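Report on the structure given below.
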Amino acid sequence: MEDLSNKWALVTGASSGFGVEFATLLAERRANLVLVARRTEPMEKLAEDLRRRHSVQVIVEGMDLSQAGVGVALKSRLDARGIPVDILVNNAGYGLSGAFLDQPLDRITDMLRLNMVSVTELTHVFARDMVKRRSGHVLLIASLLGYQAVPGFAAYAATKAYVLLLGEALHQELEPHGVVVTALCPGTSRTSFVEVAGQRVSPLLKMMILSPRRVATVGVRAMLHRRATVVPGFLNKATVFLDRLMPRPMQRMIVGKVAGG
Ligand SMILES: NC(=O)c1ccc[n+]([C@@H]2O[C@H](COP(=O)([O-])OP(=O)(O)OC[C@H]3O[C@@H](n4cnc5c(N)ncnc54)[C@H](OP(=O)(O)O)[C@@H]3O)[C@@H](O)[C@H]2O)c1
């Protein structure tokens with residue numbers, strides 16, 4: 001297993017789901033951690049457990065990342081404590097499913113700020129430092145839904161298409177500067193995402209479900225192996241492959257039915 005001793009990893013959305021698994025996998029590799037989300041109680045519990053089991057330093061920051069300027073504020077707080085971020089896991093995010101016009105507009109704009117603006121801001125402020133040090137990793141959590149238009153998940157899928165394309169472009173731009181950007185594109189997994197998004201999990205989707213631990217393991221490995229993108233799971237990979245062969249009207253008709261929006 002890779003040794004990340006003395007490195008600092010910042011994991012957003014570390015109060016549940018994939019974020020807990022990313023934090024655990026990185027602590028197992030002996031990275032120190034900064035955990036960020038709104039709910040501090042679950043993160044404090046996780047921090048205590050990781051400190052005890054892996055003898056790593058863990059800092060908890062309770063923050064609403066959908067607020068403007070939080071990335072810059074977080075960077076200044078960490079600078080004041082002398083903490084350089086070597087690994088940034090941009091994971092916090094949520095989905096909204098159902099008819100676009102039935103989704104409350106303020107929820108949609110909040111989701112756009114969290115899924116796109118805060119990801120962009122955090123990547124900008126922390127990758128700048130990484131470039132100066134000529135070393136670092138940024139893992140962006142996109143989605144399988146980012147590969148095509150998804151009726152029933154219209155705005156959410158569009159945010160993940162943004163994350164995927166941002167990640168691929170930055171992989172190319174930052175690689176010569178020693179910084180690796182990787183976009184992880186999970187399909188459905190067993191986290192609170194499904195309830196928060198109000199997703200209906202169809203029988204076909206059930207067959208494709210992977211555990212959060214499996215998804216996070218694939219993401220961490222791809223990041224450390226310096227890959228641009230990764231899709232966890234054979235059926236999810238096959239979906240992306242078949243999608244590329246289909247005309248766009250057919251893609252959106254099929255995926256809209258399967259995604260359960
Ligand atoms: N599970 C899936 O099926 C799936 C598939 C593809 C992609 N994804 C993506 O994976 C990422 C993680 O989701 P998950 O599945 O692990 O869902 P989850 O269990 O619901 O976790 C979401 C995390 O984001 C945090 N978060 C939400 N709003 C926030 C805000 N305003 N400020 C700071 N943190 C916030 C939550 O913490 P607080 O509530 O404490 O703030 C929580 O820690 C998301 O980007 C999601 O879009 C999930």
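Chain labels A, B, ... are given in the sequence in which chains occur in the structure tokens; within each chain residues are numbered consecutively from 1, and ligands are likewise numbered from 1 in the order shown.
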
Please report, as JSON lines, each residue of region 178-243 of chain A lying at most 7 Å from region 135-153 of chain A, together with the nearest pair of atoms and the separation in Å rounded to one decimal; use only C-alpha atoms, and order rows by chain and ascending residue number.
{"residue": "A:Gly178", "atom": "CA", "partner": "A:Ser135", "partner_atom": "CA", "distance": 4.8}
{"residue": "A:Val179", "atom": "CA", "partner": "A:Gly136", "partner_atom": "CA", "distance": 4.8}
{"residue": "A:Val180", "atom": "CA", "partner": "A:His137", "partner_atom": "CA", "distance": 4.8}
{"residue": "A:Val181", "atom": "CA", "partner": "A:Val138", "partner_atom": "CA", "distance": 4.7}
{"residue": "A:Thr182", "atom": "CA", "partner": "A:Leu139", "partner_atom": "CA", "distance": 4.9}
{"residue": "A:Ala183", "atom": "CA", "partner": "A:Leu140", "partner_atom": "CA", "distance": 4.7}
{"residue": "A:Leu184", "atom": "CA", "partner": "A:Ile141", "partner_atom": "CA", "distance": 5.0}
{"residue": "A:Cys185", "atom": "CA", "partner": "A:Ser143", "partner_atom": "CA", "distance": 3.9}
{"residue": "A:Pro186", "atom": "CA", "partner": "A:Ser143", "partner_atom": "CA", "distance": 4.9}
{"residue": "A:Gly187", "atom": "CA", "partner": "A:Leu144", "partner_atom": "CA", "distance": 5.1}
{"residue": "A:Met223", "atom": "CA", "partner": "A:Leu139", "partner_atom": "CA", "distance": 6.4}

Same residues, N, CA, C and O atoms, saved as an mmCIF file, in the first residue's frame:
data_model
loop_
_atom_site.group_PDB
_atom_site.id
_atom_site.type_symbol
_atom_site.label_atom_id
_atom_site.label_comp_id
_atom_site.auth_asym_id
_atom_site.auth_seq_id
_atom_site.Cartn_x
_atom_site.Cartn_y
_atom_site.Cartn_z
ATOM 1 N N GLY A 178 3.490 18.900 -12.445
ATOM 2 C CA GLY A 178 3.640 17.932 -11.359
ATOM 3 C C GLY A 178 2.364 17.670 -10.572
ATOM 4 O O GLY A 178 2.383 16.992 -9.545
ATOM 5 N N VAL A 179 1.229 18.208 -11.033
ATOM 6 C CA VAL A 179 -0.036 18.035 -10.295
ATOM 7 C C VAL A 179 -0.974 17.143 -11.105
ATOM 8 O O VAL A 179 -1.187 17.380 -12.299
ATOM 9 N N VAL A 180 -1.525 16.112 -10.444
ATOM 10 C CA VAL A 180 -2.387 15.165 -11.149
ATOM 11 C C VAL A 180 -3.849 15.405 -10.777
ATOM 12 O O VAL A 180 -4.189 15.454 -9.595
ATOM 13 N N VAL A 181 -4.691 15.587 -11.784
ATOM 14 C CA VAL A 181 -6.135 15.757 -11.548
ATOM 15 C C VAL A 181 -6.846 14.523 -12.101
ATOM 16 O O VAL A 181 -6.620 14.136 -13.249
ATOM 17 N N THR A 182 -7.683 13.919 -11.269
ATOM 18 C CA THR A 182 -8.391 12.686 -11.648
ATOM 19 C C THR A 182 -9.885 12.883 -11.417
ATOM 20 O O THR A 182 -10.283 13.357 -10.346
ATOM 21 N N ALA A 183 -10.708 12.509 -12.400
ATOM 22 C CA ALA A 183 -12.165 12.569 -12.215
ATOM 23 C C ALA A 183 -12.692 11.153 -12.024
ATOM 24 O O ALA A 183 -12.502 10.288 -12.877
ATOM 25 N N LEU A 184 -13.352 10.938 -10.888
ATOM 26 C CA LEU A 184 -13.979 9.640 -10.576
ATOM 27 C C LEU A 184 -15.459 9.746 -10.959
ATOM 28 O O LEU A 184 -16.133 10.691 -10.563
ATOM 29 N N CYS A 185 -15.949 8.756 -11.721
ATOM 30 C CA CYS A 185 -17.330 8.813 -12.219
ATOM 31 C C CYS A 185 -18.127 7.612 -11.723
ATOM 32 O O CYS A 185 -18.303 6.623 -12.464
ATOM 33 N N PRO A 186 -18.642 7.660 -10.482
ATOM 34 C CA PRO A 186 -19.368 6.500 -9.965
ATOM 35 C C PRO A 186 -20.780 6.402 -10.532
ATOM 36 O O PRO A 186 -21.390 7.423 -10.858
ATOM 37 N N GLY A 187 -21.288 5.173 -10.604
ATOM 38 C CA GLY A 187 -22.707 4.947 -10.840
ATOM 39 C C GLY A 187 -23.379 4.969 -9.473
ATOM 40 O O GLY A 187 -22.814 5.486 -8.509
ATOM 41 N N MET A 223 -6.301 7.830 -8.647
ATOM 42 C CA MET A 223 -5.618 9.093 -8.352
ATOM 43 C C MET A 223 -4.120 8.844 -8.141
ATOM 44 O O MET A 223 -3.286 9.533 -8.735
#

Mind listing the residues within 8 Å of ligand 1, only C-alpha atoms and all ligand atoms counted, as a CSV table (one decimal) with all heavy atoms, in the first residue's frame?
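out-v6.csv, freshly written:
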chain,number,residue,atom,x,y,z
A,12,THR,N,-13.7,16.8,1.3
A,12,THR,CA,-15.0,17.5,1.5
A,12,THR,C,-16.1,16.5,1.5
A,12,THR,O,-16.0,15.4,0.9
A,12,THR,CB,-15.2,18.6,0.4
A,12,THR,OG1,-15.5,17.9,-0.8
A,12,THR,CG2,-14.1,19.5,0.3
A,13,GLY,N,-17.2,16.8,2.2
A,13,GLY,CA,-18.3,15.8,2.3
A,13,GLY,C,-17.9,14.6,3.1
A,13,GLY,O,-18.2,13.5,2.8
A,14,ALA,N,-17.1,14.9,4.2
A,14,ALA,CA,-16.6,13.7,5.0
A,14,ALA,C,-17.5,13.3,6.1
A,14,ALA,O,-17.1,12.6,7.0
A,14,ALA,CB,-15.2,14.1,5.5
A,15,SER,N,-18.7,13.8,6.2
A,15,SER,CA,-19.6,13.4,7.3
A,15,SER,C,-20.4,12.2,6.9
A,15,SER,O,-21.1,11.7,7.8
A,15,SER,CB,-20.5,14.6,7.6
A,15,SER,OG,-21.3,15.0,6.5
A,16,SER,N,-20.4,11.8,5.6
A,16,SER,CA,-21.1,10.5,5.3
A,16,SER,C,-20.7,10.0,3.9
A,16,SER,O,-19.9,10.6,3.2
A,16,SER,CB,-22.7,10.8,5.2
A,16,SER,OG,-23.0,11.5,4.1
A,17,GLY,N,-21.2,8.8,3.6
A,17,GLY,CA,-21.0,8.2,2.2
A,17,GLY,C,-19.5,8.1,1.8
A,17,GLY,O,-18.7,7.7,2.5
A,18,PHE,N,-19.3,8.5,0.5
A,18,PHE,CA,-18.0,8.3,-0.1
A,18,PHE,C,-16.9,9.0,0.8
A,18,PHE,O,-15.8,8.6,0.9
A,18,PHE,CB,-17.9,8.9,-1.5
A,18,PHE,CG,-18.8,8.1,-2.5
A,18,PHE,CD1,-19.2,8.8,-3.6
A,18,PHE,CD2,-19.1,6.8,-2.3
A,18,PHE,CE1,-20.0,8.2,-4.6
A,18,PHE,CE2,-19.9,6.2,-3.3
A,18,PHE,CZ,-20.3,6.8,-4.4
A,19,GLY,N,-17.3,10.2,1.3
A,19,GLY,CA,-16.3,11.0,2.0
A,19,GLY,C,-15.7,10.3,3.2
A,19,GLY,O,-14.5,10.4,3.4
A,20,VAL,N,-16.5,9.5,3.9
A,20,VAL,CA,-16.0,8.7,5.1
A,20,VAL,C,-15.0,7.7,4.6
A,20,VAL,O,-13.9,7.5,5.2
A,20,VAL,CB,-17.2,8.0,5.8
A,20,VAL,CG1,-16.7,7.0,6.8
A,20,VAL,CG2,-18.1,9.1,6.4
A,36,VAL,N,-14.1,18.2,5.9
A,36,VAL,CA,-15.0,19.3,5.8
A,36,VAL,C,-16.4,18.9,5.4
A,36,VAL,O,-16.5,18.1,4.5
A,36,VAL,CB,-14.4,20.3,4.7
A,36,VAL,CG1,-15.3,21.6,4.6
A,36,VAL,CG2,-13.0,20.7,5.0
A,37,ALA,N,-17.4,19.4,6.1
A,37,ALA,CA,-18.8,19.3,5.7
A,37,ALA,C,-19.6,20.2,6.7
A,37,ALA,O,-18.9,20.8,7.5
A,37,ALA,CB,-19.3,17.8,5.8
A,38,ARG,N,-20.9,20.2,6.6
A,38,ARG,CA,-21.7,21.0,7.6
A,38,ARG,C,-21.8,20.3,8.9
A,38,ARG,O,-21.7,21.0,10.0
A,38,ARG,CB,-23.0,21.3,7.0
A,38,ARG,CG,-23.0,22.3,5.8
A,38,ARG,CD,-24.3,22.3,5.1
A,38,ARG,NE,-24.7,20.9,4.7
A,38,ARG,CZ,-25.8,20.6,4.0
A,38,ARG,NH1,-26.7,21.6,3.7
A,38,ARG,NH2,-26.1,19.4,3.7
A,39,ARG,N,-22.1,19.0,9.0
A,39,ARG,CA,-22.3,18.3,10.2
A,39,ARG,C,-21.0,17.9,10.9
A,39,ARG,O,-20.2,17.1,10.3
A,39,ARG,CB,-23.2,17.1,10.0
A,39,ARG,CG,-24.6,17.4,9.7
A,39,ARG,CD,-25.4,16.2,9.2
A,39,ARG,NE,-24.8,15.8,7.9
A,39,ARG,CZ,-24.9,14.5,7.4
A,39,ARG,NH1,-25.5,13.6,8.1
A,39,ARG,NH2,-24.5,14.2,6.3
A,40,THR,N,-20.7,18.5,12.0
A,40,THR,CA,-19.3,18.2,12.6
A,40,THR,C,-19.4,17.0,13.5
A,40,THR,O,-18.3,16.3,13.6
A,40,THR,CB,-18.9,19.4,13.5
A,40,THR,OG1,-19.9,19.8,14.4
A,40,THR,CG2,-18.5,20.6,12.7
A,42,PRO,N,-20.6,13.8,13.2
A,42,PRO,CA,-20.1,12.5,12.6
A,42,PRO,C,-18.6,12.6,12.2
A,42,PRO,O,-17.9,11.6,12.3
A,42,PRO,CB,-20.9,12.3,11.3
A,42,PRO,CG,-21.7,13.6,11.1
A,42,PRO,CD,-21.7,14.3,12.4
A,62,GLY,N,-16.2,22.5,10.2
A,62,GLY,CA,-17.6,22.6,9.8
A,62,GLY,C,-17.9,23.8,8.9
A,62,GLY,O,-17.7,24.9,9.4
A,63,MET,N,-18.3,23.5,7.7
A,63,MET,CA,-18.5,24.6,6.7
A,63,MET,C,-19.6,24.3,5.8
A,63,MET,O,-19.7,23.1,5.3
A,63,MET,CB,-17.2,24.8,5.9
A,63,MET,CG,-16.0,25.4,6.6
A,63,MET,SD,-14.7,25.7,5.4
A,63,MET,CE,-14.4,27.4,5.6
A,64,ASP,N,-20.3,25.3,5.4
A,64,ASP,CA,-21.3,25.2,4.3
A,64,ASP,C,-20.6,25.6,3.0
A,64,ASP,O,-20.3,26.8,2.8
A,64,ASP,CB,-22.5,26.0,4.5
A,64,ASP,CG,-23.5,25.9,3.4
A,64,ASP,OD1,-23.2,25.3,2.4
A,64,ASP,OD2,-24.7,26.4,3.6
A,65,LEU,N,-20.2,24.6,2.2
A,65,LEU,CA,-19.4,24.9,1.0
A,65,LEU,C,-20.2,25.6,-0.1
A,65,LEU,O,-19.6,25.9,-1.1
A,65,LEU,CB,-18.7,23.6,0.5
A,65,LEU,CG,-17.6,23.1,1.4
A,65,LEU,CD1,-17.2,21.7,1.0
A,65,LEU,CD2,-16.4,24.0,1.5
A,66,SER,N,-21.5,25.7,0.1
A,66,SER,CA,-22.3,26.3,-1.0
A,66,SER,C,-22.2,27.9,-0.9
A,66,SER,O,-22.7,28.6,-1.7
A,66,SER,CB,-23.7,25.8,-1.0
A,66,SER,OG,-24.4,26.2,0.1
A,67,GLN,N,-21.6,28.3,0.2
A,67,GLN,CA,-21.5,29.8,0.4
A,67,GLN,C,-20.3,30.3,-0.4
A,67,GLN,O,-19.2,29.7,-0.5
A,67,GLN,CB,-21.3,30.1,1.9
A,67,GLN,CG,-22.4,29.6,2.8
A,67,GLN,CD,-23.7,30.2,2.4
A,67,GLN,OE1,-23.8,31.4,2.4
A,67,GLN,NE2,-24.7,29.4,2.2
A,90,ASN,N,-12.4,16.5,-3.8
A,90,ASN,CA,-13.5,17.4,-4.0
A,90,ASN,C,-14.8,16.5,-4.1
A,90,ASN,O,-15.1,16.1,-5.2
A,90,ASN,CB,-13.4,18.2,-5.3
A,90,ASN,CG,-12.9,19.6,-5.0
A,90,ASN,OD1,-13.4,20.3,-4.2
A,90,ASN,ND2,-12.0,20.0,-5.9
A,91,ASN,N,-15.4,16.1,-3.0
A,91,ASN,CA,-16.4,15.1,-3.0
A,91,ASN,C,-17.8,15.6,-2.6
A,91,ASN,O,-18.8,15.1,-3.0
A,91,ASN,CB,-15.9,14.0,-2.0
A,91,ASN,CG,-17.0,13.1,-1.6
A,91,ASN,OD1,-17.5,12.3,-2.4
A,91,ASN,ND2,-17.5,13.2,-0.3
A,92,ALA,N,-17.9,16.7,-1.8
A,92,ALA,CA,-19.2,17.2,-1.3
A,92,ALA,C,-20.1,17.5,-2.5
A,92,ALA,O,-19.6,18.1,-3.5
A,92,ALA,CB,-19.0,18.4,-0.4
A,93,GLY,N,-21.3,17.0,-2.4
A,93,GLY,CA,-22.2,17.3,-3.5
A,93,GLY,C,-23.5,16.6,-3.3
A,93,GLY,O,-23.6,15.7,-2.4
A,94,TYR,N,-24.6,17.0,-4.0
A,94,TYR,CA,-25.8,16.3,-3.9
A,94,TYR,C,-26.6,16.4,-5.2
A,94,TYR,O,-26.2,17.2,-6.1
A,94,TYR,CB,-26.7,16.7,-2.7
A,94,TYR,CG,-27.2,18.1,-2.8
A,94,TYR,CD1,-28.5,18.3,-3.4
A,94,TYR,CD2,-26.5,19.2,-2.3
A,94,TYR,CE1,-29.0,19.6,-3.4
A,94,TYR,CE2,-27.1,20.5,-2.4
A,94,TYR,CZ,-28.3,20.7,-2.9
A,94,TYR,OH,-28.8,21.9,-3.0
A,95,GLY,N,-27.6,15.6,-5.4
A,95,GLY,CA,-28.4,15.6,-6.6
A,95,GLY,C,-29.9,15.9,-6.3
A,95,GLY,O,-30.3,15.9,-5.2
A,110,ASP,N,-28.6,26.3,-5.3
A,110,ASP,CA,-27.7,25.9,-4.2
A,110,ASP,C,-26.8,24.7,-4.7
A,110,ASP,O,-25.6,24.7,-4.4
A,110,ASP,CB,-28.6,25.5,-3.0
A,110,ASP,CG,-27.7,25.1,-1.8
A,110,ASP,OD1,-27.2,26.0,-1.1
A,110,ASP,OD2,-27.6,23.9,-1.6
A,114,LEU,N,-22.7,24.4,-4.9
A,114,LEU,CA,-21.9,23.3,-4.3
A,114,LEU,C,-21.2,22.4,-5.3
A,114,LEU,O,-20.0,22.2,-5.1
A,114,LEU,CB,-22.9,22.5,-3.4
A,114,LEU,CG,-22.2,21.4,-2.6
A,114,LEU,CD1,-21.2,21.9,-1.6
A,114,LEU,CD2,-23.2,20.4,-1.9
A,115,ASN,N,-22.0,21.9,-6.2
A,115,ASN,CA,-21.4,20.9,-7.1
A,115,ASN,C,-20.4,21.5,-8.1
A,115,ASN,O,-19.5,20.8,-8.6
A,115,ASN,CB,-22.5,20.2,-8.0
A,115,ASN,CG,-23.3,19.3,-7.1
A,115,ASN,OD1,-23.3,19.3,-5.9
A,115,ASN,ND2,-24.2,18.5,-7.7
A,141,ILE,N,-15.1,14.3,-7.8
A,141,ILE,CA,-16.1,13.3,-7.9
A,141,ILE,C,-17.2,13.8,-8.8
A,141,ILE,O,-18.0,14.6,-8.5
A,141,ILE,CB,-16.7,12.9,-6.5
A,141,ILE,CG1,-15.6,12.8,-5.4
A,141,ILE,CG2,-17.6,11.7,-6.6
A,141,ILE,CD1,-14.5,11.9,-5.8
A,142,ALA,N,-17.1,13.2,-10.1
A,142,ALA,CA,-18.1,13.5,-11.1
A,142,ALA,C,-19.2,12.4,-10.9
A,142,ALA,O,-19.6,12.1,-9.8
A,142,ALA,CB,-17.5,13.5,-12.5
A,143,SER,N,-19.7,11.8,-12.0
A,143,SER,CA,-20.7,10.8,-12.0
A,143,SER,C,-20.8,10.2,-13.3
A,143,SER,O,-20.5,10.8,-14.4
A,143,SER,CB,-22.0,11.5,-11.6
A,143,SER,OG,-23.1,10.5,-11.8
A,144,LEU,N,-21.4,9.0,-13.3
A,144,LEU,CA,-21.7,8.3,-14.6
A,144,LEU,C,-22.7,9.2,-15.4
A,144,LEU,O,-22.7,9.2,-16.6
A,144,LEU,CB,-22.4,7.0,-14.2
A,144,LEU,CG,-22.4,5.9,-15.3
A,144,LEU,CD1,-21.0,5.5,-15.7
A,144,LEU,CD2,-23.1,4.6,-14.7
A,145,LEU,N,-23.5,9.9,-14.6
A,145,LEU,CA,-24.6,10.8,-15.2
A,145,LEU,C,-23.9,12.0,-15.9
A,145,LEU,O,-24.6,12.7,-16.6
A,145,LEU,CB,-25.6,11.2,-14.2
A,145,LEU,CG,-26.4,10.2,-13.5
A,145,LEU,CD1,-27.5,10.8,-12.7
A,145,LEU,CD2,-27.0,9.1,-14.5
A,156,TYR,N,-28.6,18.3,-12.2
A,156,TYR,CA,-27.6,17.5,-11.5
A,156,TYR,C,-26.6,16.9,-12.5
A,156,TYR,O,-25.4,17.1,-12.4
A,156,TYR,CB,-28.2,16.4,-10.7
A,156,TYR,CG,-27.1,15.5,-10.1
A,156,TYR,CD1,-26.3,15.9,-9.1
A,156,TYR,CD2,-27.0,14.2,-10.6
A,156,TYR,CE1,-25.3,15.1,-8.6
A,156,TYR,CE2,-26.0,13.3,-10.1
A,156,TYR,CZ,-25.1,13.8,-9.1
A,156,TYR,OH,-24.2,13.0,-8.6
A,160,LYS,N,-22.4,17.5,-13.2
A,160,LYS,CA,-21.4,16.4,-13.2
A,160,LYS,C,-20.6,16.4,-14.5
A,160,LYS,O,-19.5,16.0,-14.6
A,160,LYS,CB,-22.0,15.1,-12.8
A,160,LYS,CG,-22.5,15.1,-11.3
A,160,LYS,CD,-21.3,15.3,-10.4
A,160,LYS,CE,-21.7,15.3,-8.9
A,160,LYS,NZ,-20.6,15.6,-8.0
A,185,CYS,N,-15.9,8.8,-11.7
A,185,CYS,CA,-17.3,8.8,-12.2
A,185,CYS,C,-18.1,7.6,-11.7
A,185,CYS,O,-18.3,6.6,-12.5
A,185,CYS,CB,-17.3,8.8,-13.7
A,185,CYS,SG,-16.4,10.2,-14.4
A,186,PRO,N,-18.6,7.7,-10.5
A,186,PRO,CA,-19.4,6.5,-10.0
A,186,PRO,C,-20.8,6.4,-10.5
A,186,PRO,O,-21.4,7.4,-10.9
A,186,PRO,CB,-19.5,6.8,-8.5
A,186,PRO,CG,-18.7,8.0,-8.2
A,186,PRO,CD,-18.6,8.7,-9.5
A,187,GLY,N,-21.3,5.2,-10.6
A,187,GLY,CA,-22.7,4.9,-10.8
A,187,GLY,C,-23.4,5.0,-9.5
A,187,GLY,O,-22.8,5.5,-8.5
A,188,THR,N,-24.6,4.4,-9.4
A,188,THR,CA,-25.3,4.4,-8.1
A,188,THR,C,-24.6,3.6,-7.0
A,188,THR,O,-24.0,2.5,-7.3
A,188,THR,CB,-26.7,3.8,-8.3
A,188,THR,OG1,-27.3,4.6,-9.3
A,188,THR,CG2,-27.5,4.0,-7.0
A,189,SER,N,-24.5,4.1,-5.8
A,189,SER,CA,-23.9,3.5,-4.7
A,189,SER,C,-24.8,3.6,-3.5
A,189,SER,O,-25.7,4.4,-3.4
A,189,SER,CB,-22.5,4.1,-4.5
A,189,SER,OG,-21.9,3.4,-3.4
A,190,ARG,N,-24.5,2.8,-2.4
A,190,ARG,CA,-25.3,2.8,-1.2
A,190,ARG,C,-24.8,3.9,-0.3
A,190,ARG,O,-24.1,3.7,0.7
A,190,ARG,CB,-25.2,1.5,-0.5
A,190,ARG,CG,-26.3,0.5,-0.9
A,190,ARG,CD,-26.2,-0.8,-0.2
A,190,ARG,NE,-26.1,-1.9,-1.1
A,190,ARG,CZ,-25.0,-2.5,-1.5
A,190,ARG,NH1,-23.9,-2.2,-0.9
A,190,ARG,NH2,-25.0,-3.4,-2.4
A,191,THR,N,-25.3,5.2,-0.5
A,191,THR,CA,-25.0,6.3,0.4
A,191,THR,C,-26.3,7.0,0.6
A,191,THR,O,-27.3,6.6,0.0
A,191,THR,CB,-24.0,7.2,-0.2
A,191,THR,OG1,-24.6,7.9,-1.3
A,191,THR,CG2,-22.7,6.5,-0.7
A,192,SER,N,-26.3,8.1,1.3
A,192,SER,CA,-27.5,8.9,1.5
A,192,SER,C,-27.9,9.7,0.3
A,192,SER,O,-28.9,10.4,0.2
A,192,SER,CB,-27.5,9.8,2.8
A,192,SER,OG,-26.3,10.3,3.0
A,193,PHE,N,-27.0,9.6,-0.8
A,193,PHE,CA,-27.3,10.4,-2.0
A,193,PHE,C,-28.7,10.1,-2.6
A,193,PHE,O,-29.4,11.0,-2.9
A,193,PHE,CB,-26.2,10.0,-3.1
A,193,PHE,CG,-26.5,10.6,-4.4
A,193,PHE,CD1,-26.0,11.8,-4.8
A,193,PHE,CD2,-27.3,9.9,-5.4
A,193,PHE,CE1,-26.3,12.4,-6.0
A,193,PHE,CE2,-27.6,10.5,-6.6
A,193,PHE,CZ,-27.1,11.8,-6.9
A,194,VAL,N,-29.1,8.8,-2.6
A,194,VAL,CA,-30.3,8.3,-3.2
A,194,VAL,C,-31.5,9.0,-2.5
A,194,VAL,O,-32.4,9.5,-3.1
A,194,VAL,CB,-30.4,6.8,-3.1
A,194,VAL,CG1,-31.8,6.3,-3.5
A,194,VAL,CG2,-29.3,6.1,-4.0
A,195,GLU,N,-31.5,9.0,-1.1
A,195,GLU,CA,-32.6,9.7,-0.4
A,195,GLU,C,-32.6,11.2,-0.6
A,195,GLU,O,-33.6,11.8,-0.9
A,195,GLU,CB,-32.5,9.5,1.1
A,195,GLU,CG,-32.5,8.1,1.6
A,195,GLU,CD,-31.6,8.0,2.9
A,195,GLU,OE1,-31.7,8.8,3.8
A,195,GLU,OE2,-30.8,7.0,2.9
A,196,VAL,N,-31.4,11.8,-0.5
A,196,VAL,CA,-31.3,13.3,-0.7
A,196,VAL,C,-31.8,13.7,-2.1
A,196,VAL,O,-32.5,14.6,-2.2
A,196,VAL,CB,-29.8,13.8,-0.5
A,196,VAL,CG1,-29.7,15.2,-0.8
A,196,VAL,CG2,-29.4,13.5,1.0
A,209,ILE,N,-25.3,-1.5,-8.5
A,209,ILE,CA,-24.9,-0.8,-7.3
A,209,ILE,C,-23.6,-1.3,-6.7
A,209,ILE,O,-23.4,-2.5,-6.6
A,209,ILE,CB,-26.0,-0.9,-6.2
A,209,ILE,CG1,-27.2,0.1,-6.6
A,209,ILE,CG2,-25.5,-0.5,-4.8
A,209,ILE,CD1,-28.3,0.2,-5.5
A,212,PRO,N,-19.9,1.9,-1.2
A,212,PRO,CA,-19.1,3.1,-1.2
A,212,PRO,C,-17.6,2.8,-1.0
A,212,PRO,O,-16.8,3.5,-1.6
A,212,PRO,CB,-19.7,3.9,0.0
A,212,PRO,CG,-20.9,3.2,0.4
A,212,PRO,CD,-21.0,1.9,-0.2

- Message: If you run DSSP on the backbone here, which positions in region 110-239 of chain A get alpha helix (DSSP H)? Please write them as a VMD selection string.
- Response: chain A and resid 110 to 112 119 to 133 154 to 174 193 to 197 203 to 208 212 to 224 234 to 239

- Would you mind listing what lies within 12 Å of Ala73 (chain A) as a PyMOL selection string, with only C-alpha atoms counted and same-chain residues fewer than 4 positions away left out? chain A and resi 61+63-65+67-69+77-80+118+121-122+125-126

Could the residues in this selection be written to a file with C-alpha atoms, as a compact mmCIF listing (two decimals), in the first residue's frame?
# COMPACT_ATOMS: atom_id res chain seq x y z
CA GLU A 61 -13.85 22.04 9.79
CA MET A 63 -18.45 24.61 6.74
CA ASP A 64 -21.27 25.16 4.29
CA LEU A 65 -19.39 24.91 1.00
CA GLN A 67 -21.46 29.80 0.38
CA ALA A 68 -19.36 32.10 -1.81
CA GLY A 69 -15.72 32.51 -0.80
CA ARG A 77 -7.34 29.03 7.96
CA LEU A 78 -5.09 26.14 6.93
CA ASP A 79 -2.25 28.51 5.96
CA ALA A 80 -2.46 30.07 9.44
CA SER A 118 -17.16 25.42 -4.72
CA GLU A 121 -12.87 27.53 -6.09
CA LEU A 122 -11.25 24.82 -3.96
CA VAL A 125 -6.83 27.89 -4.51
CA PHE A 126 -5.26 24.57 -3.55

- Note on the structure: One residue among A:Val117, A:Ala154, A:Arg29, A:Ala259 is nearest to Ala99 (chain A) when using only C-alpha atoms, and that residue is A:Ala154

- Item | Contacts of Arg51 (chain A) within 12 Å, only C-alpha atoms, excl. fewer than 6 positions in-chain, as a ChimeraX atom specification | /A:23-24,27-28,30-33,43-45,57-59

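Each of A:Val255, A:Leu101, A:Leu25, A:Ala228 was compared to Glu168 (chain A) using only C-alpha atoms, and A:Ala228 turns out to be the nearest.
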
- Message: I'd like the contact shell of Leu26 (chain A) - 12 Å cut-off, only C-alpha atoms, skipping same-chain residues fewer than 3 positions apart - returned as a PyMOL selection string.
- Response: chain A and resi 1-11+19-23+29-35+50+54+56-58+86-89+216-217+219-221+223-224

- Using only C-alpha atoms, the residue out of A:Leu174, A:Ala197, A:Tyr162, A:Thr229 with shortest distance to Ile108 (chain A) is A:Ala197

- Return as a ChimeraX atom specification the full set of residues in region 58-228 of chain A whose backbone-based DSSP assignment is strand (DSSP E or B). /A:58-62,87-90,136-141,179-184,189,210
